[in-house]
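Structure record follows, encoded as structure tokens.
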Amino acid sequence: MSAQPVISFKGVSVKYEDRQILKDVNFSMNNGEFVYLIGSTGSGKSSFLKLVYRDILPDEGSVHVAGINVTTLKENRIPELRRSLGIVFQDFQLLPDRNIQENVAFALQVTGKKRKFIKDRVIELLSMVGLSHRRYHMPEDLSGGEQQRVVIARALANEPRLMLADEPTGNLDPEAAASIMELFRQINNRGMAVLMVTHNYDMVHRFPYRTVKIQNQTITEAGHQSDLVSM
Amino acid sequence: MSLGYVIKEGFSGFSRTRLASLTSVTALVIAVLLVGVMGRLGYNAYQVVNALKQSVDIEVFLLDVDEQRTGRIETDLLDFPVVNNVTYISKEDAVAIFREEFGTEAGALAELDFLPASFTLEIRPDAGIDEIREMIGQIREFQGVEDVVFNQQLLETLEDRLEVLVIAGIGIGLFILLTAVILVFNTIRLTIYAKRNIIRTMKLVGATNGFIRRPFLFEGLLQGLLAGAIAIGLHFVLFQWAIPYYLPQFGVLAWPLDEWYYLTGAMALLSLIMGIWGSRWAAKKFISQTSIG
């Protein structure tokens, strides 16, 4: 595992409508690392992720992601950044009028990949998440856990260096949540960095990794599961 | 990005949001049809006024001058840019016309040899009243010219009417276009808003704004094409059939520049431009504002 940072925050502050969300945050995450980001509702976890995928800019400080200075990144180069990320949200964000195969292929179409490549890659990705047999089904025909697997397959399509997951198990039953966590663990084992925002402390205990917490507008190391008892 | 993708997405976008697309097309049809109607009526009104203007003759009465001087005056008159044609009426011709108009009542008056030779000037239809006035002032100074006579009041009235017609036409045309563009912009914005989840997902997976926008532009182009075709069809029905049938005194009004394809081509082009421009405007604004988180 390389020790180069895939995410680096230096002195980052963010305000939203006069409310200080983050203040002088310093954070670093290495290539291939798995990190949980925890904190109470409204603590700034989503803002933290938005800074990473450049949906917002910091008021102060700098953000580097996958070797790109996000803070100075021009608007027309944002897609380039996002192609180096795999993003998974709690609400699956699948296109309801396309089948599973088309949903995954979509991420490759937008990057201009050839049809043959897309076809092969989609089958490979759906096999990886255990859904190749359901590739012609529509999203509505799938369970929540299966839909989240499709989203993960789509997020992996462009072989990102970093997976960002915002409450990926938030809408799932414990069994489905565990299978999704297992999938993330496998992805991480292949060398991909994973930054996961979660409230699911049970999963944090079952799949222990480095955990950081946002509290009082700043970020602190929370260690491993044993440190989370009071959270 | 393949053209196939843009076309496929454009068509499916068109059918996915049928109601919004229908609203856009309807707005475009109304706007383009009204502009076409205005264009055709305006052209015909302009032609009528110009024809009336052409019928306003300017008569230049001459003193008793020799043939050489008369020829010189004729050349000078033809040199005026506003003059289309010049007709010489000799003293003998004037007597003949006088006799023809007044018949036996002319009697001995015609023998008095009081009728001067003259030139009748036919002016260009697009000549302005100021140009004509200036020309008349200059002609009056010509050696050998006794007087210049023309119906100044009629000419001024026609000029005023034409000016009002042009200003009103342009004003109404612009108003219709502006209203239509805003309407198209808003309906397309609604169409795009209905697709915000697709846009969000596209941004999420790293699609460029151009990639996201292109199918919407193609959709705008489709709407423009469809609306243009409908508007042109309605225009034909209105002017080639409905007006001649219900208002036979007007008959089939002339096509601008006497060919059907100038106006219909302009209507098709306008419809396309408005469709694409409305889409582009709405898509650009909305796509850049859409947050993925």
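Ligands are numbered from 1 in the order shown, residues from 1 within each chain, and chains are lettered A, B, ... in the order they appear in the structure tokens.
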
Open item on the list: I need the residues in range 64-214 of chain A that are helix (DSSP H, G or I) according to DSSP; give them as a VMD selection string.
Closed with: chain A and resid 70 to 72 75 to 83 100 to 109 115 to 128 132 to 134 139 to 141 144 to 156 174 to 189 201 to 206

TODO: Could the residues of chain B within 6 Å of chain A, counting only C-alpha atoms, be given as a PyMOL selection string, please?
DONE: chain B and resi 1+205-208

Write the selection just made, keeping N, CA and C atoms, as a PDB file, in the first residue's frame?
ATOM      1  N   MET B   1     -17.984  11.690 -27.382  1.00  0.00           N
ATOM      2  CA  MET B   1     -19.386  11.295 -27.310  1.00  0.00           C
ATOM      3  C   MET B   1     -19.904  11.012 -28.721  1.00  0.00           C
ATOM      4  N   VAL B 205     -21.041  10.819 -12.125  1.00  0.00           N
ATOM      5  CA  VAL B 205     -20.105   9.891 -12.760  1.00  0.00           C
ATOM      6  C   VAL B 205     -19.080  10.609 -13.641  1.00  0.00           C
ATOM      7  N   GLY B 206     -19.078  11.935 -13.581  1.00  0.00           N
ATOM      8  CA  GLY B 206     -18.017  12.673 -14.250  1.00  0.00           C
ATOM      9  C   GLY B 206     -18.323  13.118 -15.662  1.00  0.00           C
ATOM     10  N   ALA B 207     -19.621  13.265 -15.980  1.00  0.00           N
ATOM     11  CA  ALA B 207     -19.960  13.775 -17.317  1.00  0.00           C
ATOM     12  C   ALA B 207     -19.665  15.271 -17.365  1.00  0.00           C
ATOM     13  N   THR B 208     -19.174  15.726 -18.502  1.00  0.00           N
ATOM     14  CA  THR B 208     -18.928  17.165 -18.642  1.00  0.00           C
ATOM     15  C   THR B 208     -20.266  17.867 -18.870  1.00  0.00           C
TER      16      THR B 208
END

So which residues touch range 208-225 of chain A within 12 Å, counting only C-alpha atoms, skipping near sequence neighbours fewer than 3 positions away, as a PDB file with N, CA, C and O atoms, in the first residue's frame?
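Done, and the output landed in selection_37.pdb:
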ATOM      1  N   PHE A   9      -6.302  17.616   3.432  1.00  0.00           N
ATOM      2  CA  PHE A   9      -6.929  18.896   3.784  1.00  0.00           C
ATOM      3  C   PHE A   9      -5.908  19.689   4.598  1.00  0.00           C
ATOM      4  O   PHE A   9      -5.335  19.150   5.556  1.00  0.00           O
ATOM      5  N   LYS A  10      -5.692  20.955   4.225  1.00  0.00           N
ATOM      6  CA  LYS A  10      -4.776  21.794   5.013  1.00  0.00           C
ATOM      7  C   LYS A  10      -5.474  23.093   5.397  1.00  0.00           C
ATOM      8  O   LYS A  10      -5.796  23.896   4.530  1.00  0.00           O
ATOM      9  N   GLY A  11      -5.715  23.258   6.702  1.00  0.00           N
ATOM     10  CA  GLY A  11      -6.309  24.491   7.223  1.00  0.00           C
ATOM     11  C   GLY A  11      -7.635  24.843   6.587  1.00  0.00           C
ATOM     12  O   GLY A  11      -7.898  26.011   6.281  1.00  0.00           O
ATOM     13  N   VAL A  12      -8.477  23.838   6.392  1.00  0.00           N
ATOM     14  CA  VAL A  12      -9.740  24.055   5.645  1.00  0.00           C
ATOM     15  C   VAL A  12     -10.854  24.590   6.557  1.00  0.00           C
ATOM     16  O   VAL A  12     -11.142  24.020   7.609  1.00  0.00           O
ATOM     17  N   SER A  13     -11.439  25.687   6.127  1.00  0.00           N
ATOM     18  CA  SER A  13     -12.598  26.249   6.833  1.00  0.00           C
ATOM     19  C   SER A  13     -13.740  26.423   5.838  1.00  0.00           C
ATOM     20  O   SER A  13     -13.516  26.816   4.685  1.00  0.00           O
ATOM     21  N   VAL A  14     -14.953  26.131   6.298  1.00  0.00           N
ATOM     22  CA  VAL A  14     -16.147  26.280   5.452  1.00  0.00           C
ATOM     23  C   VAL A  14     -17.246  26.932   6.259  1.00  0.00           C
ATOM     24  O   VAL A  14     -17.505  26.539   7.400  1.00  0.00           O
ATOM     25  N   LYS A  15     -17.868  27.929   5.652  1.00  0.00           N
ATOM     26  CA  LYS A  15     -19.014  28.587   6.280  1.00  0.00           C
ATOM     27  C   LYS A  15     -20.219  28.388   5.375  1.00  0.00           C
ATOM     28  O   LYS A  15     -20.082  28.339   4.155  1.00  0.00           O
ATOM     29  N   ARG A  19     -22.897  30.350   9.189  1.00  0.00           N
ATOM     30  CA  ARG A  19     -22.655  29.305  10.193  1.00  0.00           C
ATOM     31  C   ARG A  19     -21.338  28.611   9.844  1.00  0.00           C
ATOM     32  O   ARG A  19     -21.135  28.180   8.714  1.00  0.00           O
ATOM     33  N   GLN A  20     -20.466  28.541  10.831  1.00  0.00           N
ATOM     34  CA  GLN A  20     -19.178  27.886  10.609  1.00  0.00           C
ATOM     35  C   GLN A  20     -19.392  26.375  10.620  1.00  0.00           C
ATOM     36  O   GLN A  20     -19.856  25.808  11.611  1.00  0.00           O
ATOM     37  N   ILE A  21     -19.064  25.716   9.508  1.00  0.00           N
ATOM     38  CA  ILE A  21     -19.252  24.262   9.413  1.00  0.00           C
ATOM     39  C   ILE A  21     -17.953  23.549   9.788  1.00  0.00           C
ATOM     40  O   ILE A  21     -17.951  22.635  10.621  1.00  0.00           O
ATOM     41  N   LEU A  22     -16.872  23.979   9.158  1.00  0.00           N
ATOM     42  CA  LEU A  22     -15.547  23.405   9.457  1.00  0.00           C
ATOM     43  C   LEU A  22     -14.587  24.562   9.715  1.00  0.00           C
ATOM     44  O   LEU A  22     -14.685  25.614   9.073  1.00  0.00           O
ATOM     45  N   LYS A  23     -13.664  24.325  10.652  1.00  0.00           N
ATOM     46  CA  LYS A  23     -12.718  25.409  10.963  1.00  0.00           C
ATOM     47  C   LYS A  23     -11.312  24.837  11.093  1.00  0.00           C
ATOM     48  O   LYS A  23     -11.063  23.960  11.916  1.00  0.00           O
ATOM     49  N   ASP A  24     -10.459  25.319  10.237  1.00  0.00           N
ATOM     50  CA  ASP A  24      -9.038  24.966  10.260  1.00  0.00           C
ATOM     51  C   ASP A  24      -8.818  23.437  10.353  1.00  0.00           C
ATOM     52  O   ASP A  24      -8.088  22.951  11.218  1.00  0.00           O
ATOM     53  N   VAL A  25      -9.464  22.738   9.434  1.00  0.00           N
ATOM     54  CA  VAL A  25      -9.384  21.273   9.457  1.00  0.00           C
ATOM     55  C   VAL A  25      -8.145  20.786   8.699  1.00  0.00           C
ATOM     56  O   VAL A  25      -7.881  21.219   7.569  1.00  0.00           O
ATOM     57  N   ASN A  26      -7.390  19.904   9.352  1.00  0.00           N
ATOM     58  CA  ASN A  26      -6.260  19.245   8.692  1.00  0.00           C
ATOM     59  C   ASN A  26      -6.541  17.746   8.701  1.00  0.00           C
ATOM     60  O   ASN A  26      -6.903  17.180   9.738  1.00  0.00           O
ATOM     61  N   PHE A  27      -6.400  17.143   7.542  1.00  0.00           N
ATOM     62  CA  PHE A  27      -6.738  15.730   7.443  1.00  0.00           C
ATOM     63  C   PHE A  27      -5.944  15.125   6.289  1.00  0.00           C
ATOM     64  O   PHE A  27      -5.739  15.761   5.255  1.00  0.00           O
ATOM     65  N   SER A  28      -5.522  13.896   6.494  1.00  0.00           N
ATOM     66  CA  SER A  28      -4.816  13.207   5.420  1.00  0.00           C
ATOM     67  C   SER A  28      -5.245  11.740   5.402  1.00  0.00           C
ATOM     68  O   SER A  28      -5.434  11.124   6.457  1.00  0.00           O
ATOM     69  N   MET A  29      -5.394  11.213   4.210  1.00  0.00           N
ATOM     70  CA  MET A  29      -5.799   9.820   4.052  1.00  0.00           C
ATOM     71  C   MET A  29      -4.949   9.223   2.945  1.00  0.00           C
ATOM     72  O   MET A  29      -4.814   9.823   1.868  1.00  0.00           O
ATOM     73  N   ASN A  30      -4.375   8.074   3.219  1.00  0.00           N
ATOM     74  CA  ASN A  30      -3.447   7.492   2.251  1.00  0.00           C
ATOM     75  C   ASN A  30      -4.135   6.656   1.183  1.00  0.00           C
ATOM     76  O   ASN A  30      -5.257   6.178   1.376  1.00  0.00           O
ATOM     77  N   GLY A  32      -5.242   3.573  -0.708  1.00  0.00           N
ATOM     78  CA  GLY A  32      -5.545   2.225  -0.251  1.00  0.00           C
ATOM     79  C   GLY A  32      -6.067   2.138   1.172  1.00  0.00           C
ATOM     80  O   GLY A  32      -6.364   1.039   1.657  1.00  0.00           O
ATOM     81  N   GLU A  33      -6.236   3.275   1.819  1.00  0.00           N
ATOM     82  CA  GLU A  33      -6.699   3.269   3.209  1.00  0.00           C
ATOM     83  C   GLU A  33      -8.235   3.218   3.261  1.00  0.00           C
ATOM     84  O   GLU A  33      -8.921   3.676   2.336  1.00  0.00           O
ATOM     85  N   PHE A  34      -8.768   2.674   4.352  1.00  0.00           N
ATOM     86  CA  PHE A  34     -10.220   2.669   4.594  1.00  0.00           C
ATOM     87  C   PHE A  34     -10.456   3.546   5.815  1.00  0.00           C
ATOM     88  O   PHE A  34      -9.889   3.298   6.880  1.00  0.00           O
ATOM     89  N   VAL A  35     -11.259   4.576   5.661  1.00  0.00           N
ATOM     90  CA  VAL A  35     -11.500   5.505   6.774  1.00  0.00           C
ATOM     91  C   VAL A  35     -13.000   5.714   6.944  1.00  0.00           C
ATOM     92  O   VAL A  35     -13.722   5.946   5.969  1.00  0.00           O
ATOM     93  N   TYR A  36     -13.460   5.617   8.190  1.00  0.00           N
ATOM     94  CA  TYR A  36     -14.844   5.984   8.514  1.00  0.00           C
ATOM     95  C   TYR A  36     -14.844   7.435   8.944  1.00  0.00           C
ATOM     96  O   TYR A  36     -13.965   7.864   9.706  1.00  0.00           O
ATOM     97  N   LEU A  37     -15.859   8.159   8.496  1.00  0.00           N
ATOM     98  CA  LEU A  37     -16.049   9.537   8.949  1.00  0.00           C
ATOM     99  C   LEU A  37     -17.367   9.556   9.723  1.00  0.00           C
ATOM    100  O   LEU A  37     -18.426   9.272   9.157  1.00  0.00           O
ATOM    101  N   ILE A  38     -17.261   9.868  11.005  1.00  0.00           N
ATOM    102  CA  ILE A  38     -18.465   9.844  11.835  1.00  0.00           C
ATOM    103  C   ILE A  38     -18.687  11.226  12.450  1.00  0.00           C
ATOM    104  O   ILE A  38     -17.828  12.100  12.375  1.00  0.00           O
ATOM    105  N   GLY A  39     -19.837  11.387  13.061  1.00  0.00           N
ATOM    106  CA  GLY A  39     -20.179  12.667  13.681  1.00  0.00           C
ATOM    107  C   GLY A  39     -21.679  12.803  13.716  1.00  0.00           C
ATOM    108  O   GLY A  39     -22.396  12.129  12.968  1.00  0.00           O
ATOM    109  N   SER A  40     -22.151  13.706  14.565  1.00  0.00           N
ATOM    110  CA  SER A  40     -23.602  13.852  14.698  1.00  0.00           C
ATOM    111  C   SER A  40     -24.188  14.521  13.459  1.00  0.00           C
ATOM    112  O   SER A  40     -23.460  15.112  12.653  1.00  0.00           O
ATOM    113  N   THR A  41     -25.516  14.453  13.349  1.00  0.00           N
ATOM    114  CA  THR A  41     -26.198  15.070  12.202  1.00  0.00           C
ATOM    115  C   THR A  41     -25.916  16.574  12.204  1.00  0.00           C
ATOM    116  O   THR A  41     -26.012  17.227  13.237  1.00  0.00           O
ATOM    117  N   GLY A  42     -25.576  17.093  11.028  1.00  0.00           N
ATOM    118  CA  GLY A  42     -25.301  18.526  10.900  1.00  0.00           C
ATOM    119  C   GLY A  42     -23.907  18.915  11.339  1.00  0.00           C
ATOM    120  O   GLY A  42     -23.584  20.108  11.417  1.00  0.00           O
ATOM    121  N   SER A  43     -23.070  17.914  11.629  1.00  0.00           N
ATOM    122  CA  SER A  43     -21.722  18.249  12.118  1.00  0.00           C
ATOM    123  C   SER A  43     -20.796  18.687  10.980  1.00  0.00           C
ATOM    124  O   SER A  43     -19.747  19.278  11.227  1.00  0.00           O
ATOM    125  N   GLY A  44     -21.176  18.391   9.743  1.00  0.00           N
ATOM    126  CA  GLY A  44     -20.345  18.816   8.605  1.00  0.00           C
ATOM    127  C   GLY A  44     -19.765  17.665   7.803  1.00  0.00           C
ATOM    128  O   GLY A  44     -18.878  17.882   6.969  1.00  0.00           O
ATOM    129  N   LYS A  45     -20.281  16.457   8.015  1.00  0.00           N
ATOM    130  CA  LYS A  45     -19.741  15.287   7.291  1.00  0.00           C
ATOM    131  C   LYS A  45     -20.010  15.403   5.785  1.00  0.00           C
ATOM    132  O   LYS A  45     -19.114  15.177   4.967  1.00  0.00           O
ATOM    133  N   SER A  46     -21.249  15.776   5.458  1.00  0.00           N
ATOM    134  CA  SER A  46     -21.581  15.882   4.031  1.00  0.00           C
ATOM    135  C   SER A  46     -20.793  17.016   3.375  1.00  0.00           C
ATOM    136  O   SER A  46     -20.354  16.900   2.228  1.00  0.00           O
ATOM    137  N   SER A  47     -20.609  18.121   4.129  1.00  0.00           N
ATOM    138  CA  SER A  47     -19.809  19.229   3.588  1.00  0.00           C
ATOM    139  C   SER A  47     -18.388  18.762   3.327  1.00  0.00           C
ATOM    140  O   SER A  47     -17.758  19.149   2.334  1.00  0.00           O
ATOM    141  N   PHE A  48     -17.903  17.912   4.234  1.00  0.00           N
ATOM    142  CA  PHE A  48     -16.551  17.367   4.081  1.00  0.00           C
ATOM    143  C   PHE A  48     -16.451  16.600   2.754  1.00  0.00           C
ATOM    144  O   PHE A  48     -15.521  16.796   1.974  1.00  0.00           O
ATOM    145  N   LEU A  49     -17.449  15.741   2.514  1.00  0.00           N
ATOM    146  CA  LEU A  49     -17.445  14.978   1.259  1.00  0.00           C
ATOM    147  C   LEU A  49     -17.600  15.906   0.047  1.00  0.00           C
ATOM    148  O   LEU A  49     -16.945  15.718  -0.981  1.00  0.00           O
ATOM    149  N   MET A 181     -21.210  -3.826   3.309  1.00  0.00           N
ATOM    150  CA  MET A 181     -19.930  -3.552   3.991  1.00  0.00           C
ATOM    151  C   MET A 181     -18.870  -4.559   3.550  1.00  0.00           C
ATOM    152  O   MET A 181     -17.699  -4.212   3.371  1.00  0.00           O
ATOM    153  N   GLU A 182     -19.305  -5.787   3.381  1.00  0.00           N
ATOM    154  CA  GLU A 182     -18.377  -6.828   2.934  1.00  0.00           C
ATOM    155  C   GLU A 182     -17.842  -6.496   1.535  1.00  0.00           C
ATOM    156  O   GLU A 182     -16.649  -6.669   1.248  1.00  0.00           O
ATOM    157  N   PHE A 184     -17.526  -3.483   0.294  1.00  0.00           N
ATOM    158  CA  PHE A 184     -16.556  -2.385   0.437  1.00  0.00           C
ATOM    159  C   PHE A 184     -15.213  -2.916   0.956  1.00  0.00           C
ATOM    160  O   PHE A 184     -14.161  -2.439   0.558  1.00  0.00           O
ATOM    161  N   ARG A 185     -15.310  -3.889   1.844  1.00  0.00           N
ATOM    162  CA  ARG A 185     -14.072  -4.465   2.384  1.00  0.00           C
ATOM    163  C   ARG A 185     -13.267  -5.123   1.256  1.00  0.00           C
ATOM    164  O   ARG A 185     -12.050  -4.931   1.139  1.00  0.00           O
ATOM    165  N   ASN A 188     -11.689  -2.516  -0.911  1.00  0.00           N
ATOM    166  CA  ASN A 188     -10.520  -1.948  -0.229  1.00  0.00           C
ATOM    167  C   ASN A 188      -9.338  -2.917  -0.274  1.00  0.00           C
ATOM    168  O   ASN A 188      -8.186  -2.498  -0.440  1.00  0.00           O
ATOM    169  N   ALA A 193      -8.815   3.109  -2.031  1.00  0.00           N
ATOM    170  CA  ALA A 193      -9.113   3.832  -0.794  1.00  0.00           C
ATOM    171  C   ALA A 193     -10.621   4.013  -0.659  1.00  0.00           C
ATOM    172  O   ALA A 193     -11.313   4.206  -1.658  1.00  0.00           O
ATOM    173  N   VAL A 194     -11.113   3.935   0.577  1.00  0.00           N
ATOM    174  CA  VAL A 194     -12.551   4.117   0.824  1.00  0.00           C
ATOM    175  C   VAL A 194     -12.726   5.108   1.974  1.00  0.00           C
ATOM    176  O   VAL A 194     -12.136   4.934   3.039  1.00  0.00           O
ATOM    177  N   LEU A 195     -13.510   6.153   1.703  1.00  0.00           N
ATOM    178  CA  LEU A 195     -13.880   7.087   2.774  1.00  0.00           C
ATOM    179  C   LEU A 195     -15.390   6.972   2.933  1.00  0.00           C
ATOM    180  O   LEU A 195     -16.148   7.269   2.011  1.00  0.00           O
ATOM    181  N   MET A 196     -15.809   6.512   4.109  1.00  0.00           N
ATOM    182  CA  MET A 196     -17.224   6.235   4.309  1.00  0.00           C
ATOM    183  C   MET A 196     -17.804   7.053   5.465  1.00  0.00           C
ATOM    184  O   MET A 196     -17.300   6.994   6.583  1.00  0.00           O
ATOM    185  N   VAL A 197     -18.832   7.819   5.153  1.00  0.00           N
ATOM    186  CA  VAL A 197     -19.576   8.527   6.196  1.00  0.00           C
ATOM    187  C   VAL A 197     -20.621   7.558   6.714  1.00  0.00           C
ATOM    188  O   VAL A 197     -21.344   6.940   5.929  1.00  0.00           O
ATOM    189  N   THR A 198     -20.691   7.393   7.994  1.00  0.00           N
ATOM    190  CA  THR A 198     -21.684   6.440   8.520  1.00  0.00           C
ATOM    191  C   THR A 198     -22.136   6.793   9.933  1.00  0.00           C
ATOM    192  O   THR A 198     -21.432   7.469  10.683  1.00  0.00           O
ATOM    193  N   HIS A 199     -23.365   6.334  10.219  1.00  0.00           N
ATOM    194  CA  HIS A 199     -23.890   6.383  11.580  1.00  0.00           C
ATOM    195  C   HIS A 199     -24.021   4.965  12.124  1.00  0.00           C
ATOM    196  O   HIS A 199     -24.455   4.766  13.251  1.00  0.00           O
ATOM    197  N   ASN A 200     -23.699   4.001  11.280  1.00  0.00           N
ATOM    198  CA  ASN A 200     -23.915   2.603  11.619  1.00  0.00           C
ATOM    199  C   ASN A 200     -22.714   2.068  12.416  1.00  0.00           C
ATOM    200  O   ASN A 200     -21.802   1.448  11.874  1.00  0.00           O
ATOM    201  N   TYR A 201     -22.721   2.360  13.718  1.00  0.00           N
ATOM    202  CA  TYR A 201     -21.563   2.010  14.553  1.00  0.00           C
ATOM    203  C   TYR A 201     -21.408   0.500  14.727  1.00  0.00           C
ATOM    204  O   TYR A 201     -20.309   0.013  14.959  1.00  0.00           O
ATOM    205  N   ASP A 202     -22.511  -0.208  14.575  1.00  0.00           N
ATOM    206  CA  ASP A 202     -22.436  -1.663  14.626  1.00  0.00           C
ATOM    207  C   ASP A 202     -21.507  -2.175  13.507  1.00  0.00           C
ATOM    208  O   ASP A 202     -20.640  -3.014  13.731  1.00  0.00           O
ATOM    209  N   MET A 203     -21.677  -1.610  12.330  1.00  0.00           N
ATOM    210  CA  MET A 203     -20.830  -1.987  11.191  1.00  0.00           C
ATOM    211  C   MET A 203     -19.390  -1.548  11.424  1.00  0.00           C
ATOM    212  O   MET A 203     -18.447  -2.239  11.041  1.00  0.00           O
ATOM    213  N   VAL A 204     -19.240  -0.386  12.041  1.00  0.00           N
ATOM    214  CA  VAL A 204     -17.885   0.120  12.334  1.00  0.00           C
ATOM    215  C   VAL A 204     -17.164  -0.870  13.265  1.00  0.00           C
ATOM    216  O   VAL A 204     -15.970  -1.126  13.108  1.00  0.00           O
ATOM    217  N   HIS A 205     -17.923  -1.447  14.208  1.00  0.00           N
ATOM    218  CA  HIS A 205     -17.347  -2.457  15.115  1.00  0.00           C
ATOM    219  C   HIS A 205     -17.025  -3.746  14.371  1.00  0.00           C
ATOM    220  O   HIS A 205     -15.982  -4.353  14.592  1.00  0.00           O
ATOM    221  N   LEU A 228     -15.127   3.926  20.270  1.00  0.00           N
ATOM    222  CA  LEU A 228     -16.406   4.467  19.831  1.00  0.00           C
ATOM    223  C   LEU A 228     -17.543   4.243  20.818  1.00  0.00           C
ATOM    224  O   LEU A 228     -18.673   4.583  20.546  1.00  0.00           O
ATOM    225  N   VAL A 229     -17.208   3.694  21.950  1.00  0.00           N
ATOM    226  CA  VAL A 229     -18.239   3.341  22.916  1.00  0.00           C
ATOM    227  C   VAL A 229     -19.087   4.543  23.297  1.00  0.00           C
ATOM    228  O   VAL A 229     -20.315   4.466  23.373  1.00  0.00           O
ATOM    229  N   SER A 230     -18.444   5.674  23.458  1.00  0.00           N
ATOM    230  CA  SER A 230     -19.173   6.850  23.932  1.00  0.00           C
ATOM    231  C   SER A 230     -19.865   7.620  22.814  1.00  0.00           C
ATOM    232  O   SER A 230     -20.495   8.627  23.051  1.00  0.00           O
ATOM    233  N   MET A 231     -19.759   7.153  21.575  1.00  0.00           N
ATOM    234  CA  MET A 231     -20.300   7.948  20.459  1.00  0.00           C
ATOM    235  C   MET A 231     -21.784   7.698  20.193  1.00  0.00           C
ATOM    236  O   MET A 231     -22.302   6.668  20.438  1.00  0.00           O
TER     237      MET A 231
END

Shell around Glu59 in chain B at 7 Å using only C-alpha atoms, local window under 4 positions removed, as a PDB file with N, CA, C and O atoms, in the first residue's frame:
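Below is the file selection22.pdb, written as the result:
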ATOM      1  N   SER B 118     -43.832  69.062 -70.595  1.00  0.00           N
ATOM      2  CA  SER B 118     -43.496  68.644 -69.204  1.00  0.00           C
ATOM      3  C   SER B 118     -42.820  67.262 -69.187  1.00  0.00           C
ATOM      4  O   SER B 118     -42.853  66.534 -70.185  1.00  0.00           O
ATOM      5  N   PHE B 119     -42.260  66.980 -68.042  1.00  0.00           N
ATOM      6  CA  PHE B 119     -41.754  65.623 -67.776  1.00  0.00           C
ATOM      7  C   PHE B 119     -42.566  65.031 -66.624  1.00  0.00           C
ATOM      8  O   PHE B 119     -42.852  65.735 -65.654  1.00  0.00           O
ATOM      9  N   THR B 120     -42.924  63.773 -66.763  1.00  0.00           N
ATOM     10  CA  THR B 120     -43.564  63.086 -65.636  1.00  0.00           C
ATOM     11  C   THR B 120     -42.527  62.129 -65.040  1.00  0.00           C
ATOM     12  O   THR B 120     -41.952  61.313 -65.761  1.00  0.00           O
ATOM     13  N   LEU B 121     -42.305  62.288 -63.743  1.00  0.00           N
ATOM     14  CA  LEU B 121     -41.294  61.460 -63.077  1.00  0.00           C
ATOM     15  C   LEU B 121     -41.960  60.309 -62.320  1.00  0.00           C
ATOM     16  O   LEU B 121     -42.930  60.524 -61.605  1.00  0.00           O
ATOM     17  N   VAL B 148     -42.806  72.705 -60.573  1.00  0.00           N
ATOM     18  CA  VAL B 148     -42.883  71.261 -60.299  1.00  0.00           C
ATOM     19  C   VAL B 148     -44.150  71.030 -59.489  1.00  0.00           C
ATOM     20  O   VAL B 148     -44.371  71.707 -58.488  1.00  0.00           O
ATOM     21  N   VAL B 149     -44.952  70.095 -59.940  1.00  0.00           N
ATOM     22  CA  VAL B 149     -46.235  69.843 -59.268  1.00  0.00           C
ATOM     23  C   VAL B 149     -46.297  68.377 -58.823  1.00  0.00           C
ATOM     24  O   VAL B 149     -45.960  67.473 -59.589  1.00  0.00           O
ATOM     25  N   PHE B 150     -46.702  68.176 -57.580  1.00  0.00           N
ATOM     26  CA  PHE B 150     -46.931  66.790 -57.127  1.00  0.00           C
ATOM     27  C   PHE B 150     -47.858  66.812 -55.925  1.00  0.00           C
ATOM     28  O   PHE B 150     -48.034  67.851 -55.285  1.00  0.00           O
TER      29      PHE B 150
END

Task: Residue neighbourhood range 221-235 of chain B, 7 Å, only C-alpha atoms, exclusion window fewer than 6 positions, as a list in words - done: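 Using only C-alpha atoms, the neighbours found are Val25, Leu28, Val29, Val32, Leu33, Thr264, Met267, Ala268, Ser271, Leu272, Met274, Gly275 and Ile276 of chain B.
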
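Running DSSP on the backbone gives strand (DSSP E or B) for these residues within range 38-94 of chain B: Ile58, Glu59, Val60, Phe61, Leu62, Val83, Asn84, Asn85, Val86, Thr87, Tyr88 and Ile89 of chain B.
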
- [ ] Would you kindly return, as number ranges by chain, each protein, DNA or RNA residue with an atom no farther than 12 Å from any atom of Leu238 in chain B, considering only C-alpha atoms and excluding same-chain residues fewer than 4 positions away?
- [x] B: 33-34, 36-37, 40-41, 231-234, 242-247, 251-253

Open item on the list: Which residues are close to Ser132 in chain A, i.e. within 10 Å by only C-alpha atoms, leaving aside same-chain residues fewer than 3 positions away? Reply as a list in words.
Closed with: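 So the residues in contact are Ile100, Gln101, Val122, Ile123, Glu124, Leu125, Leu126, Ser127, Met128, Val129, Arg135, Tyr136 and Val150 of chain A.
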
Open item on the list: What does the structure give for the distance between CA of Leu63 in chain B and CA of Asp93 in chain B, in Å to one decimal?
Closed with: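 So the answer is 15.5 Å.
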